[in-house]
>>> print(open('coords-v2.cif').read())   # mmCIF, C-alpha atoms
data_run
loop_
_atom_site.label_atom_id
_atom_site.label_comp_id
_atom_site.auth_asym_id
_atom_site.auth_seq_id
_atom_site.Cartn_x
_atom_site.Cartn_y
_atom_site.Cartn_z
CA MET A 795 -37.69 -156.24 19.50
CA SER A 796 -35.85 -155.86 22.76
CA PRO A 797 -33.25 -158.59 23.47
CA GLU A 798 -34.68 -158.96 26.99
CA LYS A 799 -38.01 -160.06 25.54
CA LEU A 800 -36.66 -162.79 23.30
CA ALA A 801 -37.54 -166.30 24.31
CA GLY A 802 -35.72 -169.47 23.39
CA PRO A 803 -33.24 -172.05 24.61
CA PRO A 804 -30.28 -170.82 26.68
CA GLN A 805 -27.49 -169.67 24.36
CA GLU A 806 -24.36 -167.58 24.41
CA PHE A 807 -23.49 -164.90 21.88
CA PRO A 808 -19.99 -163.57 21.41
CA GLY A 809 -19.69 -159.97 22.54
CA PRO A 810 -19.38 -157.33 19.86
CA LEU A 811 -15.73 -156.65 20.53
CA GLY A 812 -14.73 -159.59 22.65
CA GLY A 813 -15.04 -157.80 25.97
CA GLY A 814 -18.77 -158.01 26.57
CA ARG A 815 -21.19 -160.88 26.13
CA ARG A 816 -24.91 -161.43 25.97
CA GLU A 817 -25.77 -164.43 28.03
CA ALA A 818 -29.04 -166.22 28.21
CA THR A 819 -30.54 -167.04 31.57
CA SER A 820 -32.31 -170.30 32.24
CA GLY A 821 -35.64 -168.56 31.78
CA GLY A 822 -34.74 -167.54 28.26
CA ALA A 823 -34.45 -163.83 29.08
CA TYR A 824 -31.18 -162.26 27.96
CA LEU A 825 -29.03 -160.56 30.53
CA HIS A 826 -26.25 -158.23 29.34
CA THR A 827 -23.09 -158.60 31.37
CA VAL A 828 -19.85 -156.70 31.36
CA GLU A 829 -16.95 -159.11 31.68
CA GLY A 830 -13.46 -158.67 32.98
CA ILE A 831 -10.54 -160.90 33.93
CA ALA A 832 -9.34 -161.10 37.52
CA ARG A 833 -6.57 -163.04 39.21
CA VAL A 834 -6.90 -164.81 42.55
CA VAL A 835 -4.42 -163.18 44.93
CA ARG A 836 -5.43 -164.69 48.28
CA ILE A 837 -7.62 -167.41 49.75
CA ASP A 838 -9.11 -166.83 53.20
CA GLY A 839 -11.05 -169.93 54.12
CA ASP A 840 -14.13 -169.93 51.91
CA THR A 841 -13.38 -166.49 50.50
CA ALA A 842 -11.22 -165.80 47.45
CA TRP A 843 -9.69 -162.33 46.93
CA PHE A 844 -9.31 -161.05 43.38
CA GLU A 845 -7.45 -158.27 41.63
CA PRO A 846 -8.84 -157.05 38.31
CA GLU A 847 -6.43 -157.62 35.45
CA GLN A 848 -7.65 -154.72 33.36
CA THR A 849 -4.73 -152.37 32.91
CA THR A 850 -6.19 -149.14 31.58
CA SER A 851 -9.64 -147.83 30.87
CA CYS A 852 -8.54 -146.77 27.38
CA GLY A 853 -7.34 -150.27 26.47
CA HIS A 854 -3.85 -149.07 25.48
CA CYS A 855 -2.73 -147.19 22.41
CA ALA A 856 0.47 -146.63 20.44
CA SER A 857 1.72 -144.33 23.22
CA ALA A 858 1.17 -146.90 25.97
CA SER A 859 4.90 -147.33 26.58
CA SER A 860 5.45 -143.64 27.25
CA CYS A 861 2.25 -142.54 29.00
CA GLY A 862 3.20 -144.16 32.33
CA ALA A 863 -0.09 -145.95 32.76
CA GLY A 864 1.53 -149.25 33.62
CA THR A 865 4.09 -148.05 36.14
CA SER A 866 3.53 -148.29 39.85
CA GLY A 867 3.13 -145.46 42.34
CA ILE A 868 0.48 -143.21 43.82
CA GLY A 869 -2.39 -142.60 41.45
CA THR A 870 -1.19 -145.01 38.77
CA VAL A 871 -3.13 -147.95 37.41
CA ALA A 872 -1.11 -150.48 39.43
CA ASN A 873 -1.95 -148.58 42.59
CA ARG A 874 -5.64 -148.33 41.65
CA ILE A 875 -5.90 -152.03 40.87
CA THR A 876 -4.67 -152.87 44.38
CA ALA A 877 -7.36 -150.54 45.73
CA ARG A 878 -9.99 -152.34 43.62
CA ARG A 879 -9.49 -155.79 45.18
CA PHE A 880 -12.71 -157.66 45.80
CA ALA A 881 -13.79 -160.90 47.47
CA LEU A 882 -16.10 -163.69 46.31
CA ASP A 883 -17.32 -166.87 47.90
CA ASN A 884 -15.02 -169.74 46.93
CA ASN A 885 -17.09 -172.63 48.28
CA ALA A 886 -18.33 -173.99 44.98
CA ASN A 887 -15.51 -172.91 42.69
CA GLY A 888 -12.41 -174.31 44.43
CA LEU A 889 -10.07 -171.64 43.07
CA THR A 890 -6.38 -171.46 43.95
CA VAL A 891 -4.01 -168.50 44.21
CA GLY A 892 -2.76 -167.32 40.81
CA GLU A 893 -5.71 -168.66 38.82
CA ARG A 894 -7.28 -166.33 36.25
CA VAL A 895 -11.04 -166.16 36.10
CA VAL A 896 -13.69 -164.29 34.15
CA VAL A 897 -15.99 -162.23 36.37
CA GLY A 898 -18.94 -160.14 35.30
CA VAL A 899 -21.43 -157.55 36.44
CA ALA A 900 -24.81 -156.83 34.89
CA GLU A 901 -24.66 -154.00 32.38
CA ARG A 902 -27.72 -152.46 34.00
CA ALA A 903 -25.94 -152.52 37.38
CA LEU A 904 -23.00 -150.60 35.91
CA ILE A 905 -25.27 -147.88 34.53
CA ARG A 906 -27.23 -147.76 37.80
CA ALA A 907 -24.00 -147.45 39.79
CA ALA A 908 -22.76 -144.62 37.56
CA LEU A 909 -26.08 -142.79 37.86
CA THR A 910 -25.98 -143.20 41.65
CA ALA A 911 -22.39 -142.06 42.07
CA TYR A 912 -22.35 -139.19 39.56
CA GLY A 913 -25.92 -138.41 38.49
CA LEU A 914 -27.55 -138.06 41.90
CA PRO A 915 -25.08 -135.54 43.42
CA LEU A 916 -25.16 -133.47 40.22
CA LEU A 917 -28.95 -133.41 40.20
CA THR A 918 -29.18 -132.23 43.82
CA ALA A 919 -26.41 -129.64 43.31
CA LEU A 920 -28.01 -128.14 40.18
CA THR A 921 -31.47 -128.11 41.77
CA ALA A 922 -30.16 -126.37 44.89
CA GLY A 923 -28.23 -123.88 42.72
CA GLY A 924 -31.30 -123.11 40.60
CA ILE A 925 -33.45 -122.51 43.67
CA ALA A 926 -30.82 -120.27 45.28
CA GLU A 927 -30.33 -118.25 42.07
CA SER A 928 -34.05 -117.60 41.73
CA ALA A 929 -34.38 -116.77 45.42
CA TRP A 930 -31.35 -114.50 46.00
CA GLY A 931 -29.74 -113.96 42.58
CA SER A 932 -26.28 -113.83 44.11
CA ASP A 933 -23.31 -115.84 42.85
CA LEU A 934 -22.05 -116.44 46.38
CA ALA A 935 -25.43 -117.75 47.59
CA THR A 936 -25.74 -119.95 44.49
CA MET A 937 -22.27 -121.34 45.06
CA ALA A 938 -22.98 -122.12 48.72
CA ALA A 939 -26.30 -123.76 47.80
CA MET A 940 -24.64 -125.88 45.08
CA ALA A 941 -21.90 -126.99 47.45
CA GLY A 942 -24.57 -127.95 49.99
CA GLY A 943 -26.58 -129.71 47.31
CA LEU A 944 -23.52 -131.63 46.16
CA LEU A 945 -22.80 -132.73 49.70
CA GLY A 946 -26.42 -133.75 50.24
CA GLY A 947 -26.41 -135.64 46.95
CA LEU A 948 -23.27 -137.53 47.94
CA LEU A 949 -24.87 -138.55 51.23
CA LEU A 950 -27.99 -139.65 49.35
CA ALA A 951 -25.78 -141.60 46.91
CA ARG A 952 -24.20 -143.31 49.89
CA LEU A 953 -27.59 -144.50 51.10
CA VAL A 954 -28.62 -145.71 47.64
CA ALA A 955 -25.26 -147.45 47.14
CA ARG A 956 -25.70 -149.23 50.48
CA ARG A 957 -29.10 -150.46 49.36
CA LEU A 958 -27.74 -151.64 46.00
CA SER A 959 -24.81 -153.28 47.73
CA ALA A 960 -27.10 -155.07 50.21
CA ARG A 961 -29.07 -156.48 47.28
CA GLY A 962 -25.78 -157.73 45.77
CA GLU A 963 -26.16 -155.63 42.62
CA LEU A 964 -22.71 -154.06 42.83
CA ALA A 965 -20.76 -157.28 43.40
CA PRO A 966 -19.15 -159.03 40.43
CA HIS A 967 -20.10 -162.66 39.82
CA PHE A 968 -17.81 -165.56 38.99
CA LEU A 969 -18.58 -166.69 35.44
CA ARG A 970 -15.86 -169.21 34.50
CA ARG A 971 -12.13 -169.88 34.53
CA ALA A 972 -10.22 -167.86 31.92
CA ARG A 973 -8.75 -169.72 28.96
CA PRO A 974 -4.93 -169.68 28.65
CA GLY A 975 -3.87 -166.42 27.04
CA GLU A 976 -7.35 -164.93 27.24
CA THR A 977 -7.42 -161.19 27.72
CA CYS A 978 -10.21 -158.78 28.59
CA GLY A 979 -10.07 -157.48 25.04
CA GLY A 980 -10.75 -160.87 23.44
CA SER A 981 -10.34 -164.59 23.77
CA GLY A 982 -7.03 -166.32 23.54
CA ALA A 983 -6.00 -169.81 22.48
CA MET B 512 -34.53 -119.09 32.33
CA LYS B 513 -34.97 -119.10 28.54
CA ASP B 514 -31.41 -117.86 28.13
CA PHE B 515 -30.09 -120.73 30.23
CA VAL B 516 -32.06 -123.31 28.23
CA LEU B 517 -30.85 -121.92 24.89
CA MET B 518 -27.29 -121.74 26.16
CA MET B 519 -27.48 -125.39 27.30
CA ILE B 520 -28.88 -126.59 23.96
CA GLY B 521 -26.15 -124.67 22.18
CA ALA B 522 -23.42 -126.14 24.38
CA ALA B 523 -24.72 -129.72 24.15
CA LEU B 524 -25.79 -129.99 20.52
CA VAL B 525 -24.86 -127.01 18.33
CA ASN B 526 -21.31 -126.54 19.63
CA ASN B 527 -20.80 -130.14 20.72
CA VAL B 528 -17.49 -130.63 22.52
CA ILE B 529 -16.46 -133.62 20.40
CA LEU B 530 -18.04 -133.11 17.00
CA ALA B 531 -17.86 -129.32 16.70
CA ARG B 532 -14.91 -128.35 18.89
CA PHE B 533 -12.92 -131.59 18.37
CA LEU B 534 -12.01 -131.95 22.05
CA GLY B 535 -11.79 -135.26 23.94
CA LEU B 536 -11.08 -137.28 20.80
CA CYS B 537 -8.79 -139.73 22.64
CA SER B 538 -11.60 -141.02 24.85
CA PHE B 539 -14.04 -140.70 21.93
CA MET B 540 -12.09 -143.30 19.97
CA GLY B 541 -10.67 -145.25 22.92
CA VAL B 542 -13.62 -145.86 25.27
CA THR B 543 -16.45 -146.25 22.77
CA THR B 544 -16.08 -149.93 22.01
CA ARG B 545 -19.06 -150.75 24.26
CA ILE B 546 -22.12 -148.74 25.27
CA ASP B 547 -21.79 -149.50 29.00
CA THR B 548 -18.19 -148.29 29.23
CA ALA B 549 -19.04 -145.22 27.14
CA ALA B 550 -21.96 -144.38 29.44
CA GLY B 551 -19.82 -144.90 32.56
CA MET B 552 -17.05 -142.72 31.16
CA GLY B 553 -19.58 -140.12 30.03
CA LEU B 554 -21.20 -139.83 33.46
CA ALA B 555 -17.85 -139.67 35.24
CA THR B 556 -16.68 -136.94 32.83
CA THR B 557 -19.96 -135.05 33.30
CA PHE B 558 -19.42 -135.03 37.06
CA VAL B 559 -15.80 -133.89 36.79
CA ILE B 560 -16.52 -131.20 34.16
CA THR B 561 -19.38 -129.76 36.23
CA VAL B 562 -17.40 -129.74 39.48
CA SER B 563 -14.30 -128.31 37.81
CA SER B 564 -16.46 -125.64 36.07
CA MET B 565 -17.66 -124.51 39.49
CA ALA B 566 -14.13 -124.45 40.88
CA ASP B 567 -12.63 -122.81 37.77
CA TRP B 568 -15.21 -119.99 37.86
CA ALA B 569 -14.38 -119.28 41.50
CA VAL B 570 -10.62 -119.38 40.87
CA GLN B 571 -10.93 -117.12 37.81
CA HIS B 572 -13.08 -114.48 39.52
CA TRP B 573 -11.64 -114.40 43.01
CA LEU B 574 -7.99 -115.25 42.36
CA LEU B 575 -6.80 -114.76 38.77
CA ASP B 576 -8.89 -111.67 37.92
CA ALA B 577 -8.57 -110.14 41.38
CA PHE B 578 -4.77 -110.30 41.41
CA GLY B 579 -4.12 -109.84 37.67
CA LEU B 580 -2.81 -113.37 37.22
CA GLY B 581 -4.66 -114.14 33.99
CA TYR B 582 -1.46 -115.44 32.35
CA LEU B 583 -1.50 -118.37 34.81
CA ARG B 584 -4.98 -119.46 33.74
CA THR B 585 -4.07 -122.63 31.82
CA VAL B 586 -1.66 -123.92 34.46
CA THR B 587 -4.09 -123.11 37.28
CA PHE B 588 -7.00 -124.79 35.52
CA ILE B 589 -4.95 -127.96 34.93
CA LEU B 590 -4.24 -128.03 38.66
CA VAL B 591 -7.93 -127.47 39.47
CA ILE B 592 -9.00 -130.27 37.10
CA ALA B 593 -6.45 -132.72 38.55
CA SER B 594 -7.71 -131.80 42.03
CA ALA B 595 -11.33 -132.28 40.93
CA VAL B 596 -10.51 -135.76 39.64
CA GLN B 597 -8.74 -136.64 42.88
CA PHE B 598 -11.66 -135.22 44.87
CA THR B 599 -14.10 -137.31 42.84
CA GLU B 600 -12.03 -140.44 43.29
CA LEU B 601 -11.64 -139.98 47.05
CA THR B 602 -15.31 -139.10 47.47
CA ILE B 603 -16.59 -142.10 45.52
CA LYS B 604 -14.18 -144.33 47.45
CA LYS B 605 -15.49 -142.94 50.74
CA VAL B 606 -19.16 -142.88 49.75
CA SER B 607 -19.17 -146.45 48.49
CA PRO B 608 -16.15 -148.74 48.07
CA ALA B 609 -18.34 -151.02 45.92
CA LEU B 610 -19.07 -148.17 43.50
CA PHE B 611 -15.39 -147.27 43.43
CA GLN B 612 -14.45 -150.84 42.55
CA MET B 613 -16.90 -150.74 39.68
CA LEU B 614 -16.27 -147.23 38.33
CA GLY B 615 -12.80 -146.23 39.52
CA ILE B 616 -11.11 -147.33 36.31
CA TYR B 617 -12.60 -144.43 34.31
CA LEU B 618 -11.25 -141.65 36.50
CA PRO B 619 -7.54 -141.64 35.57
CA LEU B 620 -8.41 -141.07 31.92
CA ILE B 621 -10.37 -137.91 32.74
CA THR B 622 -7.34 -136.08 34.14
CA THR B 623 -5.79 -135.99 30.68
CA ASN B 624 -9.05 -135.36 28.82
CA CYS B 625 -8.63 -132.07 26.98
CA ALA B 626 -12.42 -131.61 26.86
CA VAL B 627 -12.38 -130.78 30.58
CA LEU B 628 -9.76 -128.04 30.13
CA GLY B 629 -11.40 -126.86 26.90
CA VAL B 630 -14.78 -126.34 28.58
CA ALA B 631 -13.12 -124.50 31.50
CA LEU B 632 -11.36 -122.10 29.12
CA LEU B 633 -14.55 -121.55 27.08
CA LEU B 634 -16.67 -120.66 30.10
CA VAL B 635 -14.13 -118.03 31.15
CA GLU B 636 -14.30 -116.45 27.68
CA GLY B 637 -18.10 -116.40 27.97
CA HIS B 638 -18.08 -114.06 31.01
CA MET B 639 -21.00 -115.94 32.60
CA SER B 640 -22.55 -115.89 36.06
CA PHE B 641 -21.71 -118.76 38.42
CA LEU B 642 -24.89 -120.69 37.63
CA GLY B 643 -24.48 -119.98 33.91
CA ALA B 644 -20.90 -121.28 33.95
CA THR B 645 -21.91 -124.41 35.86
CA LEU B 646 -24.85 -125.10 33.51
CA PHE B 647 -22.60 -124.49 30.50
CA GLY B 648 -20.11 -127.06 31.82
CA PHE B 649 -22.92 -129.50 32.64
CA ALA B 650 -24.55 -129.14 29.21
CA SER B 651 -21.23 -129.46 27.36
CA ALA B 652 -20.54 -132.64 29.32
CA LEU B 653 -24.02 -134.00 28.54
CA GLY B 654 -23.33 -133.39 24.84
CA TYR B 655 -20.02 -135.22 25.22
CA SER B 656 -21.76 -138.19 26.92
CA LEU B 657 -24.52 -138.27 24.30
CA VAL B 658 -22.03 -138.49 21.43
CA MET B 659 -19.97 -141.12 23.27
CA VAL B 660 -23.01 -143.36 23.77
CA ILE B 661 -24.30 -142.87 20.19
CA PHE B 662 -20.87 -143.64 18.73
CA ALA B 663 -20.46 -146.68 21.00
CA GLY B 664 -23.83 -148.00 19.82
CA LEU B 665 -22.80 -147.54 16.20
CA ARG B 666 -19.47 -149.27 16.78
CA GLU B 667 -21.18 -152.21 18.49
CA ARG B 668 -23.32 -152.63 15.37
CA LEU B 669 -20.36 -152.17 13.04
CA ALA B 670 -18.36 -154.85 14.86
CA LEU B 671 -21.00 -157.38 13.77
CA ALA B 672 -21.16 -156.14 10.17
CA GLU B 673 -19.13 -157.60 7.33
CA VAL B 674 -16.90 -154.86 5.94
CA PRO B 675 -13.93 -154.93 3.53
CA ARG B 676 -10.74 -155.80 5.43
CA LEU B 677 -9.20 -152.46 4.46
CA PHE B 678 -11.90 -150.54 6.32
CA ALA B 679 -12.31 -152.83 9.35
CA GLY B 680 -11.68 -151.26 12.77
CA PRO B 681 -10.47 -147.66 13.18
CA PRO B 682 -10.82 -146.58 9.49
CA LEU B 683 -14.53 -147.34 9.53
CA GLY B 684 -14.74 -145.72 12.99
CA PHE B 685 -13.34 -142.47 11.58
CA ILE B 686 -15.74 -142.54 8.63
CA VAL B 687 -18.69 -143.07 10.97
CA ALA B 688 -17.43 -140.28 13.25
CA SER B 689 -17.30 -137.88 10.29
CA LEU B 690 -20.84 -138.83 9.28
CA LEU B 691 -21.99 -138.29 12.86
CA ALA B 692 -20.31 -134.85 12.87
CA MET B 693 -22.14 -133.96 9.65
CA ALA B 694 -25.42 -135.10 11.21
CA PHE B 695 -24.79 -132.86 14.23
CA MET B 696 -24.17 -129.93 11.87
CA GLY B 697 -27.93 -130.03 11.33
CA PHE B 698 -28.39 -128.69 14.86
CA SER B 699 -26.64 -125.45 13.88
CA GLY B 700 -29.89 -124.43 12.17
CA ILE B 701 -31.47 -124.11 15.62
CA SER B 702 -29.37 -121.06 16.48
CA THR B 703 -30.44 -119.11 13.38
CA GLY B 704 -33.96 -120.38 12.97
#
>>> encode(input="coords-v2.cif", output="structure tokens")
Amino acid sequence: MSPEKLAGPPQEFPGPLGGGRREATSGGAYLHTVEGIARVVRIDGDTAWFEPEQTTSCGHCASASSCGAGTSGIGTVANRITARRFALDNNANGLTVGERVVVGVAERALIRAALTAYGLPLLTALTAGGIAESAWGSDLATMAAMAGGLLGGLLLARLVARRLSARGELAPHFLRRARPGETCGGSGA
Amino acid sequence: MKDFVLMMIGAALVNNVILARFLGLCSFMGVTTRIDTAAGMGLATTFVITVSSMADWAVQHWLLDAFGLGYLRTVTFILVIASAVQFTELTIKKVSPALFQMLGIYLPLITTNCAVLGVALLLVEGHMSFLGATLFGFASALGYSLVMVIFAGLRERLALAEVPRLFAGPPLGFIVASLLAMAFMGFSGISTG
């Protein structure tokens, strides 16, 4: 039975590895969310600006101290985190600078975003390449068609992303304040 | 057409990048704790592998082969892959800042993913046409993504299971990975059957 179909009182289940959770909506339908911890870095009137606290996509390993992932500079994680700042409405939450909060996006939104950003351009590029190969059979023509298809796919992805963004599907949602010592890999004290 | 389909099945399932060629094991163990992150990483890697396959084929045929610079292949391909990752990152950032905020965290890990370089070197050895090389890269990446998502699903289940303390975590992950590799060996019958 699909988790989305289950009915019952609103509940919360701990995520399989601490990072993710399955939360119940008021209607009893389960919504999978991907959680992360962010820190409030600025308050502009009713808007709070956040920086994600996640350090690396691999979640560290024994070589973390020597791989340079935590150092600052162009292309490093510290630099990317600054580029990934986002804003949320602070009217109801009353957050202050320095506070740590748990934010989440729907799991389905993450998959949809990845399909839009990566899947769509690839699909158009491969389709254009296949058509060009069958029409002309030349590597140069196929390459030009694939480059054109990739470009077209990226423009199409831009339109789809705008639509998703307008519907608020790509924006993270404030879930709760983080507990002291809580990390994105699991709960703290 | 039939040749392309068979080549793609072979690249994705029979000679799977992770389970048959043992490439990309760092991300295989590191990013498969949840299905959503595994799928995001898989799609990002698929994009980068396909784009870098296109670029690597062009560099190999019109630069390295043309000027007899084959000994620079590995270094050149590393440069091409790093450029492809940067291109992807800049493009996604430009196309949609919201998408970049959501997916940007996966991209740095791809630069050091040996599966990307491995696929590039394999397609050169295959002496394929441009479309063949691109489809080979795409299919290899799809196989990589498939295994990532399957393994993430298994690990999500295992995290809820009661196991002896000695086997909890990575040890059980390695055992499951070996069983998955044995299961994928069953696909090798396709090539001879």
>>> resolve_selection(input="coords-v2.cif", expression="the PyMOL selection byres ((chain B) within 6 of (chain A))", output="tab-separated table (two decimals) with C-alpha atoms, keeping the file's coordinate frame")
chain	number	residue	atom	x	y	z
B	541	GLY	CA	-10.67	-145.25	22.92
B	542	VAL	CA	-13.62	-145.86	25.27
B	551	GLY	CA	-19.82	-144.90	32.56
B	558	PHE	CA	-19.42	-135.03	37.06
B	606	VAL	CA	-19.16	-142.88	49.75
B	612	GLN	CA	-14.45	-150.84	42.55
B	616	ILE	CA	-11.11	-147.33	36.31
B	617	TYR	CA	-12.60	-144.43	34.31
B	641	PHE	CA	-21.71	-118.76	38.42
B	667	GLU	CA	-21.18	-152.21	18.49
B	670	ALA	CA	-18.36	-154.85	14.86
>>> closest_residue(input="coords-v2.cif", among="A:Val835, A:Leu917, A:Ala842, A:Ala939", to="Ala886 in chain A", atoms="only C-alpha atoms")
A:Ala842
>>> atom_distance(input="coords-v2.cif", atom1="CA of Gly946 in chain A", atom2="CA of Thr921 in chain A")
11.4 Å
>>> atom_distance(input="coords-v2.cif", atom1="CA of His572 in chain B", atom2="CA of Val559 in chain B")
19.8 Å
>>> residues_around(input="coords-v2.cif", residues="Asp514 in chain B", least_positions_apart="6", cutoff="12 Å", atoms="all atoms listed in the file", output="number ranges by chain")
B: 520-521, 639, 642-643, 646-647
>>> residues_near_point(input="coords-v2.cif", point="(-8.8, -170.2, 51.3)", cutoff="10 Å", atoms="all atoms listed in the file", output="MDAnalysis selection string")
chainID A and resid 836:843 883:885 888:891
>>> residues_around(input="coords-v2.cif", residues="range 688-691 of chain B", least_positions_apart="6", cutoff="9 Å", atoms="all atoms listed in the file", output="ChimeraX atom specification")
/B:530,658,661-662
>>> atom_distance(input="coords-v2.cif", atom1="CA of Gly684 in chain B", atom2="CA of Glu847 in chain A")
26.7 Å
>>> resolve_selection(input="coords-v2.cif", expression="the PyMOL selection byres ((chain B and resi 566) around 12)", output="MDAnalysis selection string")
(chainID A and resid 937 940:941) or (chainID B and resid 559:565 567:574 587:596 598 631 634:635 641:642 644:645 648)
>>> closest_residue(input="coords-v2.cif", among="B:Ala577, B:Met540, B:Ala523, B:Ala650", to="Leu683 in chain B", atoms="all atoms listed in the file")
B:Met540
